[in-house]
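K.L.:
Below you'll find query-v8.cif; it's mmCIF, C-alpha atoms.
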data_entry
loop_
_atom_site.label_atom_id
_atom_site.label_comp_id
_atom_site.auth_asym_id
_atom_site.auth_seq_id
_atom_site.Cartn_x
_atom_site.Cartn_y
_atom_site.Cartn_z
CA MET A 45 2.14 -3.19 -28.41
CA THR A 46 5.58 -3.05 -26.81
CA TYR A 47 5.69 -2.03 -23.16
CA THR A 48 8.55 0.48 -23.14
CA LEU A 49 9.90 1.65 -19.80
CA THR A 50 12.98 3.66 -18.90
CA THR A 51 15.25 4.63 -16.07
CA PRO A 52 16.85 8.07 -16.24
CA LEU A 53 20.03 8.36 -18.27
CA TYR A 54 22.52 8.58 -15.43
CA TYR A 55 25.02 11.43 -15.42
CA VAL A 56 28.56 10.05 -15.59
CA ASN A 57 30.34 12.70 -13.55
CA ASP A 58 30.97 9.98 -10.96
CA LYS A 59 30.52 6.25 -10.37
CA PRO A 60 27.05 4.75 -9.71
CA HIS A 61 25.49 5.43 -6.29
CA LEU A 62 22.69 3.85 -4.28
CA GLY A 63 20.07 6.22 -5.71
CA SER A 64 20.73 5.12 -9.28
CA ALA A 65 20.74 1.48 -8.17
CA TYR A 66 17.39 1.94 -6.40
CA THR A 67 15.77 3.49 -9.48
CA THR A 68 17.14 0.75 -11.72
CA LEU A 69 16.05 -2.06 -9.38
CA ALA A 70 12.52 -0.62 -9.25
CA CYS A 71 12.37 -0.40 -13.04
CA ASP A 72 13.77 -3.92 -13.34
CA ALA A 73 11.06 -5.29 -11.03
CA LEU A 74 8.40 -3.63 -13.18
CA ALA A 75 9.95 -5.00 -16.39
CA ARG A 76 10.06 -8.54 -14.97
CA PHE A 77 6.44 -8.29 -13.83
CA GLN A 78 5.30 -7.23 -17.30
CA ARG A 79 7.22 -10.11 -18.90
CA LEU A 80 5.56 -12.56 -16.50
CA LYS A 81 2.22 -11.25 -17.77
CA GLY A 82 3.34 -12.10 -21.30
CA GLU A 83 3.87 -8.50 -22.43
CA PRO A 84 6.62 -7.67 -24.96
CA VAL A 85 8.94 -5.39 -22.97
CA LEU A 86 11.64 -2.91 -23.99
CA PHE A 87 13.57 -1.88 -20.89
CA ILE A 88 15.87 1.12 -21.47
CA THR A 89 18.61 2.53 -19.29
CA GLY A 90 21.71 4.52 -20.17
CA CYS A 91 24.24 7.27 -19.51
CA ASP A 92 24.11 11.03 -20.05
CA GLU A 93 27.66 11.93 -21.12
CA HIS A 94 27.74 15.56 -22.22
CA GLY A 95 28.03 18.92 -20.49
CA GLN A 96 30.47 21.23 -18.76
CA LYS A 97 30.42 19.23 -15.55
CA ILE A 98 31.69 16.16 -17.40
CA GLN A 99 34.36 18.22 -19.15
CA ARG A 100 35.68 19.70 -15.90
CA THR A 101 35.58 16.37 -14.07
CA ALA A 102 37.62 14.75 -16.85
CA GLU A 103 40.13 17.60 -16.89
CA ALA A 104 40.61 17.34 -13.13
CA ALA A 105 41.40 13.62 -13.55
CA GLY A 106 43.81 14.28 -16.41
CA LEU A 107 41.58 12.50 -18.93
CA SER A 108 39.84 13.42 -22.13
CA PRO A 109 36.05 13.74 -21.74
CA GLN A 110 35.54 10.68 -23.95
CA ALA A 111 37.99 8.55 -21.93
CA HIS A 112 36.26 9.61 -18.71
CA CYS A 113 32.82 8.73 -20.12
CA ASP A 114 34.05 5.37 -21.38
CA ALA A 115 35.41 4.50 -17.93
CA VAL A 116 32.32 5.51 -15.93
CA SER A 117 29.75 4.10 -18.35
CA SER A 118 31.58 0.76 -18.21
CA GLN A 119 31.10 0.82 -14.42
CA TYR A 120 27.36 1.22 -14.92
CA ARG A 121 27.26 -1.61 -17.44
CA GLU A 122 29.24 -3.93 -15.16
CA LEU A 123 27.20 -3.04 -12.06
CA TRP A 124 23.90 -3.76 -13.82
CA ARG A 125 25.33 -7.07 -15.02
CA ARG A 126 26.24 -8.02 -11.46
CA TRP A 127 22.80 -7.00 -10.22
CA GLN A 128 21.27 -9.09 -13.04
CA ILE A 129 19.31 -6.11 -14.34
CA SER A 130 17.21 -7.24 -17.31
CA ASN A 131 17.60 -4.11 -19.45
CA ASP A 132 17.33 -4.51 -23.23
CA ARG A 133 19.22 -1.31 -24.06
CA LEU A 134 21.95 0.81 -22.51
CA ILE A 135 22.14 4.04 -24.48
CA ARG A 136 25.09 6.42 -24.30
CA THR A 137 24.58 9.98 -25.52
CA THR A 138 28.07 9.92 -27.08
CA ASP A 139 26.77 7.29 -29.52
CA PRO A 140 27.14 8.75 -33.06
CA ARG A 141 23.58 7.65 -33.89
CA HIS A 142 22.27 9.73 -31.01
CA ARG A 143 23.78 12.87 -32.49
CA ARG A 144 21.84 12.29 -35.72
CA ILE A 145 18.57 11.74 -33.82
CA VAL A 146 19.09 14.99 -31.85
CA GLU A 147 19.77 16.92 -35.05
CA GLN A 148 16.63 15.57 -36.75
CA PHE A 149 14.46 16.28 -33.73
CA PHE A 150 15.82 19.83 -33.40
CA ALA A 151 15.14 20.51 -37.08
CA ARG A 152 11.46 19.62 -36.58
CA VAL A 153 11.17 21.75 -33.44
CA GLU A 154 12.80 24.71 -35.17
CA ALA A 155 10.56 24.30 -38.23
CA ASN A 156 7.56 24.47 -35.90
CA GLY A 157 8.65 27.90 -34.68
CA ASP A 158 9.52 26.79 -31.15
CA ILE A 159 13.17 27.93 -31.16
CA VAL A 160 14.03 31.58 -30.48
CA GLU A 161 17.25 33.41 -29.65
CA GLY A 162 17.60 35.32 -26.40
CA ARG A 163 19.99 36.43 -23.71
CA GLN A 164 20.41 34.33 -20.58
CA GLN A 165 21.62 36.08 -17.45
CA GLY A 166 21.88 34.68 -13.98
CA TRP A 167 23.70 32.56 -11.44
CA TYR A 168 24.61 29.14 -12.81
CA CYS A 169 25.40 25.86 -11.05
CA VAL A 170 27.69 23.68 -13.15
CA ALA A 171 26.94 20.61 -10.99
CA CYS A 172 23.18 21.01 -11.57
CA GLU A 173 23.70 22.21 -15.16
CA GLU A 174 21.06 24.89 -14.62
CA PHE A 175 20.49 28.56 -13.78
CA LYS A 176 19.31 29.38 -10.28
CA ASP A 177 16.82 32.03 -9.18
CA ASP A 178 19.22 33.97 -6.94
CA PRO A 179 18.97 37.74 -7.62
CA ALA A 180 21.73 39.39 -9.61
CA SER A 181 22.69 41.42 -6.52
CA ALA A 182 23.40 38.28 -4.46
CA GLU A 183 26.88 38.13 -2.97
CA ALA A 184 28.74 34.83 -3.38
CA PRO A 185 25.58 32.67 -3.66
CA GLU A 186 25.86 28.90 -3.30
CA CYS A 187 23.91 26.04 -4.82
CA PRO A 188 21.57 24.75 -2.07
CA ILE A 189 22.05 21.18 -3.31
CA HIS A 190 25.79 20.95 -3.93
CA ARG A 191 26.96 23.72 -1.58
CA ARG A 192 29.28 25.07 -4.25
CA PRO A 193 29.67 28.70 -5.42
CA LEU A 194 27.44 29.72 -8.32
CA GLU A 195 28.91 31.26 -11.47
CA TRP A 196 27.52 34.40 -13.07
CA ARG A 197 26.59 33.88 -16.74
CA ASP A 198 25.58 36.42 -19.37
CA GLU A 199 25.36 34.82 -22.79
CA LEU A 200 23.30 34.50 -25.93
CA ASN A 201 21.37 31.20 -25.95
CA LEU A 202 18.72 29.43 -27.98
CA PHE A 203 15.44 28.98 -26.14
CA PHE A 204 12.67 26.43 -26.46
CA ARG A 205 9.26 28.14 -26.25
CA LEU A 206 7.94 26.18 -23.29
CA SER A 207 5.45 28.95 -22.51
CA ARG A 208 3.44 28.03 -25.62
CA TYR A 209 2.46 24.73 -23.99
CA GLN A 210 1.14 26.04 -20.69
CA GLN A 211 -2.43 24.83 -21.16
CA GLN A 212 -1.52 21.43 -22.61
CA ILE A 213 0.88 20.67 -19.77
CA GLU A 214 -1.63 21.79 -17.15
CA ALA A 215 -4.18 19.41 -18.67
CA LEU A 216 -1.68 16.54 -18.77
CA ILE A 217 -0.60 16.92 -15.16
CA ALA A 218 -4.23 17.03 -14.03
CA GLN A 219 -4.91 13.60 -15.54
CA PRO A 220 -5.25 10.95 -12.79
CA GLY A 221 -2.29 8.60 -12.77
CA PHE A 222 -0.11 10.63 -15.14
CA ILE A 223 2.33 11.49 -12.35
CA GLN A 224 2.65 8.74 -9.76
CA PRO A 225 2.41 8.64 -6.87
CA SER A 226 -0.25 11.34 -6.72
CA SER A 227 1.42 12.88 -3.66
CA ARG A 228 4.29 14.01 -5.93
CA ARG A 229 1.96 15.71 -8.40
CA ASN A 230 1.24 18.73 -6.18
CA GLU A 231 4.78 20.08 -6.50
CA VAL A 232 4.58 20.02 -10.29
CA GLU A 233 1.11 21.56 -10.34
CA ASN A 234 2.20 24.43 -8.09
CA PHE A 235 5.22 25.11 -10.28
CA VAL A 236 3.15 25.16 -13.49
CA ARG A 237 0.55 27.53 -11.98
CA GLN A 238 3.27 30.17 -11.60
CA GLY A 239 3.56 30.28 -15.38
CA LEU A 240 5.99 28.38 -17.57
CA ARG A 241 9.01 30.22 -18.91
CA ASP A 242 10.94 29.43 -22.07
CA PHE A 243 14.09 27.46 -21.24
CA SER A 244 17.56 27.59 -22.72
CA ILE A 245 18.55 24.61 -24.89
CA SER A 246 22.07 25.73 -25.82
CA ARG A 247 25.31 26.86 -24.26
CA VAL A 248 28.15 28.80 -25.87
CA ASN A 249 31.87 28.08 -25.76
CA LEU A 250 31.29 24.51 -24.62
CA PRO A 251 33.24 22.02 -26.76
CA TRP A 252 32.01 18.83 -25.03
CA GLY A 253 28.56 18.29 -26.47
CA ILE A 254 26.56 18.12 -29.68
CA PRO A 255 26.86 21.28 -31.83
CA VAL A 256 23.57 22.94 -32.75
CA PRO A 257 23.12 22.77 -36.56
CA GLY A 258 23.00 26.20 -38.18
CA HIS A 259 24.06 28.06 -35.03
CA ASP A 260 27.83 28.39 -34.82
CA GLY A 261 29.31 28.36 -31.34
CA HIS A 262 26.22 26.81 -29.73
CA THR A 263 26.18 23.37 -28.11
CA PHE A 264 23.00 21.61 -27.09
CA TYR A 265 22.10 21.97 -23.42
CA VAL A 266 22.55 18.66 -21.68
CA TRP A 267 18.83 18.22 -20.90
CA PHE A 268 17.65 18.72 -24.48
CA ASP A 269 20.31 16.25 -25.59
CA ALA A 270 19.81 13.61 -22.88
CA LEU A 271 16.01 13.40 -22.93
CA LEU A 272 16.15 12.41 -26.59
CA GLY A 273 18.23 9.41 -25.55
CA TYR A 274 14.95 7.66 -24.72
CA ILE A 275 14.15 7.76 -28.45
CA THR A 276 17.63 6.88 -29.71
CA ALA A 277 17.61 3.80 -27.47
CA LEU A 278 14.64 2.42 -29.41
CA LEU A 279 16.88 1.75 -32.40
CA GLU A 280 17.94 -1.85 -32.85
CA GLU A 281 21.47 -2.86 -33.68
CA GLY A 282 22.06 -2.18 -37.34
CA ASP A 283 19.26 0.38 -37.67
CA SER A 284 20.12 3.61 -39.43
CA PRO A 285 19.85 6.73 -37.23
CA ASP A 286 16.43 7.76 -38.48
CA LEU A 287 13.99 9.47 -36.12
CA ASP A 288 10.87 7.94 -37.63
CA GLN A 289 12.32 4.46 -37.55
CA ALA A 290 13.30 4.86 -33.90
CA LEU A 291 9.81 6.02 -32.97
CA ALA A 292 8.27 3.02 -34.73
CA ARG A 293 10.29 0.65 -32.53
CA GLY A 294 8.40 1.30 -29.31
CA TRP A 295 7.16 4.85 -28.81
CA PRO A 296 5.41 6.14 -26.76
CA ALA A 297 6.90 4.83 -23.54
CA ALA A 298 4.52 3.23 -21.07
CA VAL A 299 6.34 4.64 -18.06
CA HIS A 300 9.41 6.69 -17.14
CA VAL A 301 10.81 5.75 -13.72
CA ILE A 302 12.68 8.76 -12.29
CA GLY A 303 14.16 10.19 -9.11
CA GLU A 304 12.95 13.16 -7.11
CA ASP A 305 15.65 15.57 -8.28
CA ILE A 306 14.70 15.33 -11.98
CA ARG A 307 10.92 15.20 -11.66
CA LEU A 308 10.27 18.75 -12.85
CA CYS A 309 12.50 18.47 -15.92
CA HIS A 310 10.73 15.32 -17.05
CA ALA A 311 7.23 16.54 -16.20
CA LEU A 312 7.73 19.82 -18.09
CA TYR A 313 10.50 19.66 -20.70
CA TRP A 314 9.79 16.09 -21.73
CA GLN A 315 6.12 16.85 -22.28
CA ALA A 316 6.52 20.00 -24.33
CA MET A 317 9.32 18.69 -26.56
CA PRO A 318 7.28 15.78 -28.02
CA LEU A 319 4.23 18.07 -28.30
CA ALA A 320 6.30 20.43 -30.45
CA VAL A 321 6.81 17.75 -33.09
CA GLY A 322 3.41 16.10 -32.82
CA LEU A 323 4.45 12.93 -30.96
CA LEU A 324 2.37 10.91 -28.56
CA LEU A 325 3.39 11.29 -24.92
CA ALA A 326 4.51 8.73 -22.36
CA GLU A 327 1.58 7.25 -20.45
CA ARG A 328 2.90 8.10 -17.00
CA PHE A 329 5.84 9.06 -14.81
CA CYS A 330 6.69 7.18 -11.64
CA GLY A 331 9.03 8.98 -9.28
CA HIS A 332 10.59 7.96 -6.00
CA GLY A 333 11.82 10.11 -3.14
CA TYR A 334 15.23 10.72 -1.62
CA LEU A 335 17.26 8.06 0.17
CA THR A 336 18.98 8.78 3.47
CA ARG A 337 21.07 6.60 5.77
CA GLU A 338 20.23 6.31 9.46
CA GLY A 339 18.29 9.57 9.20
CA GLN A 340 21.13 11.55 7.57
CA LYS A 341 21.62 12.70 4.02
CA MET A 342 24.35 10.67 2.36
CA GLY A 343 27.44 12.61 1.31
CA LYS A 344 31.15 12.19 0.80
CA SER A 345 31.91 14.75 3.49
CA LEU A 346 29.98 12.69 6.06
CA GLY A 347 31.61 9.46 4.95
CA ASN A 348 28.25 7.63 4.95
CA VAL A 349 27.75 6.98 1.21
CA LEU A 350 26.56 3.45 0.45
CA ASP A 351 28.36 2.02 -2.57
CA PRO A 352 25.88 -0.27 -4.39
CA GLY A 353 28.75 -2.48 -5.58
CA VAL A 354 30.03 -3.02 -2.04
CA LEU A 355 26.49 -3.54 -0.75
CA LEU A 356 25.93 -6.19 -3.41
CA GLU A 357 29.17 -7.95 -2.56
CA ARG A 358 28.54 -8.06 1.18
CA CYS A 359 24.79 -8.68 1.31
CA GLY A 360 23.80 -10.27 -1.98
CA ARG A 361 21.31 -9.35 -4.68
CA ASP A 362 18.14 -10.79 -3.19
CA ALA A 363 18.64 -9.25 0.25
CA VAL A 364 19.19 -5.71 -1.05
CA ARG A 365 16.45 -5.95 -3.66
CA TRP A 366 13.99 -7.17 -1.04
CA TYR A 367 14.84 -4.47 1.47
CA LEU A 368 14.71 -1.54 -0.97
CA LEU A 369 11.52 -2.61 -2.73
CA ARG A 370 9.75 -4.10 0.29
CA ASP A 371 10.49 -1.61 3.04
CA ILE A 372 10.44 1.72 1.18
CA PRO A 373 6.98 2.59 -0.24
CA PHE A 374 7.76 3.64 -3.80
CA GLY A 375 7.32 7.36 -4.20
CA GLU A 376 8.15 8.26 -0.61
CA ASP A 377 11.49 9.19 0.92
CA GLY A 378 13.34 6.21 2.34
CA ASP A 379 15.87 5.75 5.11
CA PHE A 380 18.39 2.90 4.89
CA GLN A 381 18.76 1.48 8.41
CA GLN A 382 21.24 -1.31 8.99
CA GLN A 383 19.42 -3.02 11.87
CA ARG A 384 16.10 -2.79 10.03
CA PHE A 385 17.79 -4.29 6.98
CA ILE A 386 19.11 -7.26 8.99
CA ASP A 387 15.80 -7.87 10.74
CA LEU A 388 13.74 -7.68 7.56
CA VAL A 389 16.01 -10.00 5.61
CA ASN A 390 16.09 -12.55 8.43
CA ASN A 391 12.35 -12.46 9.09
CA ASP A 392 11.08 -12.28 5.51
CA LEU A 393 13.68 -14.02 3.39
CA ALA A 394 15.32 -16.50 5.76
CA ASN A 395 12.38 -17.41 8.00
CA THR A 396 9.21 -16.92 5.95
CA ILE A 397 10.10 -17.29 2.27
CA GLY A 398 13.11 -19.47 3.02
CA ASN A 399 10.97 -21.80 5.09
CA LEU A 400 8.38 -21.97 2.32
CA LEU A 401 11.07 -22.86 -0.21
CA ASN A 402 12.49 -25.52 2.09
CA ARG A 403 9.07 -27.11 2.64
CA THR A 404 8.24 -26.99 -1.08
CA SER A 405 11.53 -28.56 -2.12
CA SER A 406 11.11 -31.26 0.54
CA MET A 407 7.64 -32.10 -0.80
CA ALA A 408 9.01 -32.22 -4.36
CA ARG A 409 11.77 -34.60 -3.32
CA ARG A 410 9.42 -36.82 -1.35
CA TRP A 411 6.34 -37.00 -3.56
CA PHE A 412 7.34 -35.86 -7.04
CA ALA A 413 10.59 -37.75 -7.76
CA GLU A 414 12.74 -34.75 -6.81
CA ALA A 415 11.29 -32.63 -9.62
CA VAL A 416 8.85 -29.78 -10.09
CA PRO A 417 5.42 -31.29 -10.88
CA ARG A 418 4.35 -30.90 -14.46
CA ARG A 419 1.82 -28.19 -15.23
CA VAL A 420 -1.73 -29.52 -15.41
CA LEU A 421 -4.33 -27.58 -17.35
CA ALA A 422 -7.50 -26.70 -15.50
CA PRO A 423 -10.38 -29.07 -16.27
CA SER A 424 -13.34 -27.91 -18.30
CA SER A 425 -16.50 -26.79 -16.57
CA THR A 426 -18.13 -30.13 -17.42
CA THR A 427 -15.41 -32.25 -15.79
CA PRO A 428 -15.97 -32.44 -12.05
CA TRP A 429 -13.01 -32.49 -9.70
CA PRO A 430 -12.98 -35.53 -7.39
CA LYS A 431 -13.60 -34.70 -3.80
CA ARG A 432 -10.56 -34.75 -1.60
CA ARG A 433 -10.63 -36.10 1.91
CA ARG A 434 -9.00 -33.51 4.11
CA TRP A 435 -7.79 -33.92 7.66
CA HIS A 436 -7.22 -30.77 9.68
CA LYS A 437 -4.79 -31.52 12.45
CA PRO A 438 -5.65 -29.62 15.66
CA ARG A 439 -2.86 -27.86 17.46
CA CYS A 440 -3.62 -29.79 20.67
CA TRP A 441 -6.17 -32.32 21.98
CA LEU A 442 -8.26 -31.72 25.08
CA GLY A 443 -9.02 -35.05 26.79
CA SER A 444 -12.05 -35.96 28.88
CA ASN A 445 -10.24 -34.96 32.06
CA ASN A 446 -9.18 -31.62 30.56
CA SER A 447 -5.62 -32.86 30.16
CA ILE A 448 -3.69 -31.87 27.05
CA SER A 449 -2.45 -34.77 25.00
CA ALA A 450 -1.42 -35.63 21.49
CA PRO A 451 -4.16 -35.68 18.83
CA PRO A 452 -5.71 -39.02 17.84
CA PRO A 453 -4.10 -41.03 15.03
CA ARG A 454 -4.59 -39.52 11.62
CA PRO A 455 -6.83 -41.61 9.33
CA PRO A 456 -5.53 -42.58 5.89
CA CYS A 457 -6.03 -39.85 3.31
CA SER A 458 -5.93 -40.26 -0.46
CA TRP A 459 -5.12 -37.34 -2.80
CA PRO A 460 -6.39 -38.30 -6.25
CA SER A 461 -4.78 -36.52 -9.16
CA PRO A 462 -6.88 -34.06 -11.19
CA PRO A 463 -8.12 -35.25 -14.56
CA THR A 464 -5.53 -35.00 -17.31
CA ALA A 465 -6.31 -32.39 -19.93
CA THR A 466 -6.67 -33.72 -23.44
#
Step by step, read the file and then write its structure as structure tokens.
P.N.:
Amino acid sequence: MTYTLTTPLYYVNDKPHLGSAYTTLACDALARFQRLKGEPVLFITGCDEHGQKIQRTAEAAGLSPQAHCDAVSSQYRELWRRWQISNDRLIRTTDPRHRRIVEQFFARVEANGDIVEGRQQGWYCVACEEFKDDPASAEAPECPIHRRPLEWRDELNLFFRLSRYQQQIEALIAQPGFIQPSSRRNEVENFVRQGLRDFSISRVNLPWGIPVPGHDGHTFYVWFDALLGYITALLEEGDSPDLDQALARGWPAAVHVIGEDIRLCHALYWQAMPLAVGLLLAERFCGHGYLTREGQKMGKSLGNVLDPGVLLERCGRDAVRWYLLRDIPFGEDGDFQQQRFIDLVNNDLANTIGNLLNRTSSMARRWFAEAVPRRVLAPSSTTPWPKRRRWHKPRCWLGSNNSISAPPPRPPCSWPSPPTAT
């Protein structure tokens, strides 16, 4: 069975940042490990390209939304190429085949009775693409994440009946290992205990998105659209945009690797949506924490944002990969510290692993005709290995008068080759 794993579909309102690089590097390491084990792997990444935030960002730059998405998604593709990310797919939600998959999936959800019409009122953050819980009487509320004014919305939306799946989602989250690390599961459990509410899957008067079939004026909410990108990405080149065919290519996913800020949406929405159409669910979700720099949150206003492209250029792939995956326990918040980065790379890569590589290559040049020795199969249980004469060189030699001197001459030592497998 194919081992399918995914990164999030990154929102293309801006160029790639260190957080998206960290998630992708972690997923890449997992994909490479599975391939080393001999598993067939389908590694999916991609770009989420719809929504009002994208439309406004493009307008501010004097571009069409499609031209903006083309430019930013190409930056992601090029950056992953430079990082040597081993992804098999890079899905874009503006792909015409994706629209067909979304329409087919929606038709099944609607036929199951999980789509209802209702009025959505509240304070809305365009940057988050979500309604906030600020009371209607709040004066000039701001988004706590983006520090931008919220917009009041009062519109007729289509809702997915998330509340119908309260018990199933509670049971899923309680399963050991479903949400990893386990320390991140508590937040989701606490949220679900408060009672799940139906969530809006459409917006009105939004031209940049996929229109909802049979509901004039409605465009799919970016989350409902983007999450289905994991299924569209299963299609191979030349496949027709058929939902059943896509699912047969590698569903369910073995693991979704996600960031802290989208954990709830994946743990809730992306469980109930497949349940509504009778699909198997992903085996688990692995989420990492937030990244800071020298103890401070990274932001444009502080001028401390780490560009993953610049970091790659100045420090190299191996150094950055090693630091991010070695020094930050996956699942916990991490702090990028320049001096720590230098020390770790010098001690681990240059001194320890670099020294091992140097010694190994020297042995290969000296004893194996400057080549990697051929692989020798292990002997059978009936073929005894010849005994090897070993000489353990002491660090120092204590003479009869307690003086420290060089060790005695080393006796000749033969290293017979193991029996050749037939």
K.L.:
What is the distance between CA of Gly162 (chain A) and CA of Glu147 (chain A), in Å to one decimal?
P.N.:
20.4 Å
K.L.:
Could you tell me which of A:Arg197, A:Arg365, A:Lys341, A:Arg208 comes closest to Val248 (chain A) if we count all atoms listed in the file?
P.N.:
A:Arg197
K.L.:
Tell me which of A:Glu338, A:Asp132, A:Glu214, A:Asp92 sits closest to Gln238 (chain A), counting all atoms listed in the file.
P.N.:
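Closest residue, counting all atoms listed in the file: A:Glu214.
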K.L.:
Would you work out the distance separating CA of Asn234 (chain A) from CA of Cys309 (chain A), expressed in Å to one decimal?
P.N.:
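Atom-to-atom, CA of Asn234 (chain A) to CA of Cys309 (chain A), that is 14.2 Å.
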K.L.:
Which residue is closest to Ser64 (chain A)? Choose from A:Arg419, A:Arg358, A:His332, A:His142 and count all atoms listed in the file.
P.N.:
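Looking only at the distances to Ser64 (chain A), the closest residue turns out to be A:His332.
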K.L.:
Suppose a student applies the PyMOL selection byres ((chain A and resi 110-121) around 7) to this structure; what residues should they get, written as a PyMOL selection string?
P.N.:
chain A and resi 56+58-60+91+93+102+107-109+122-125
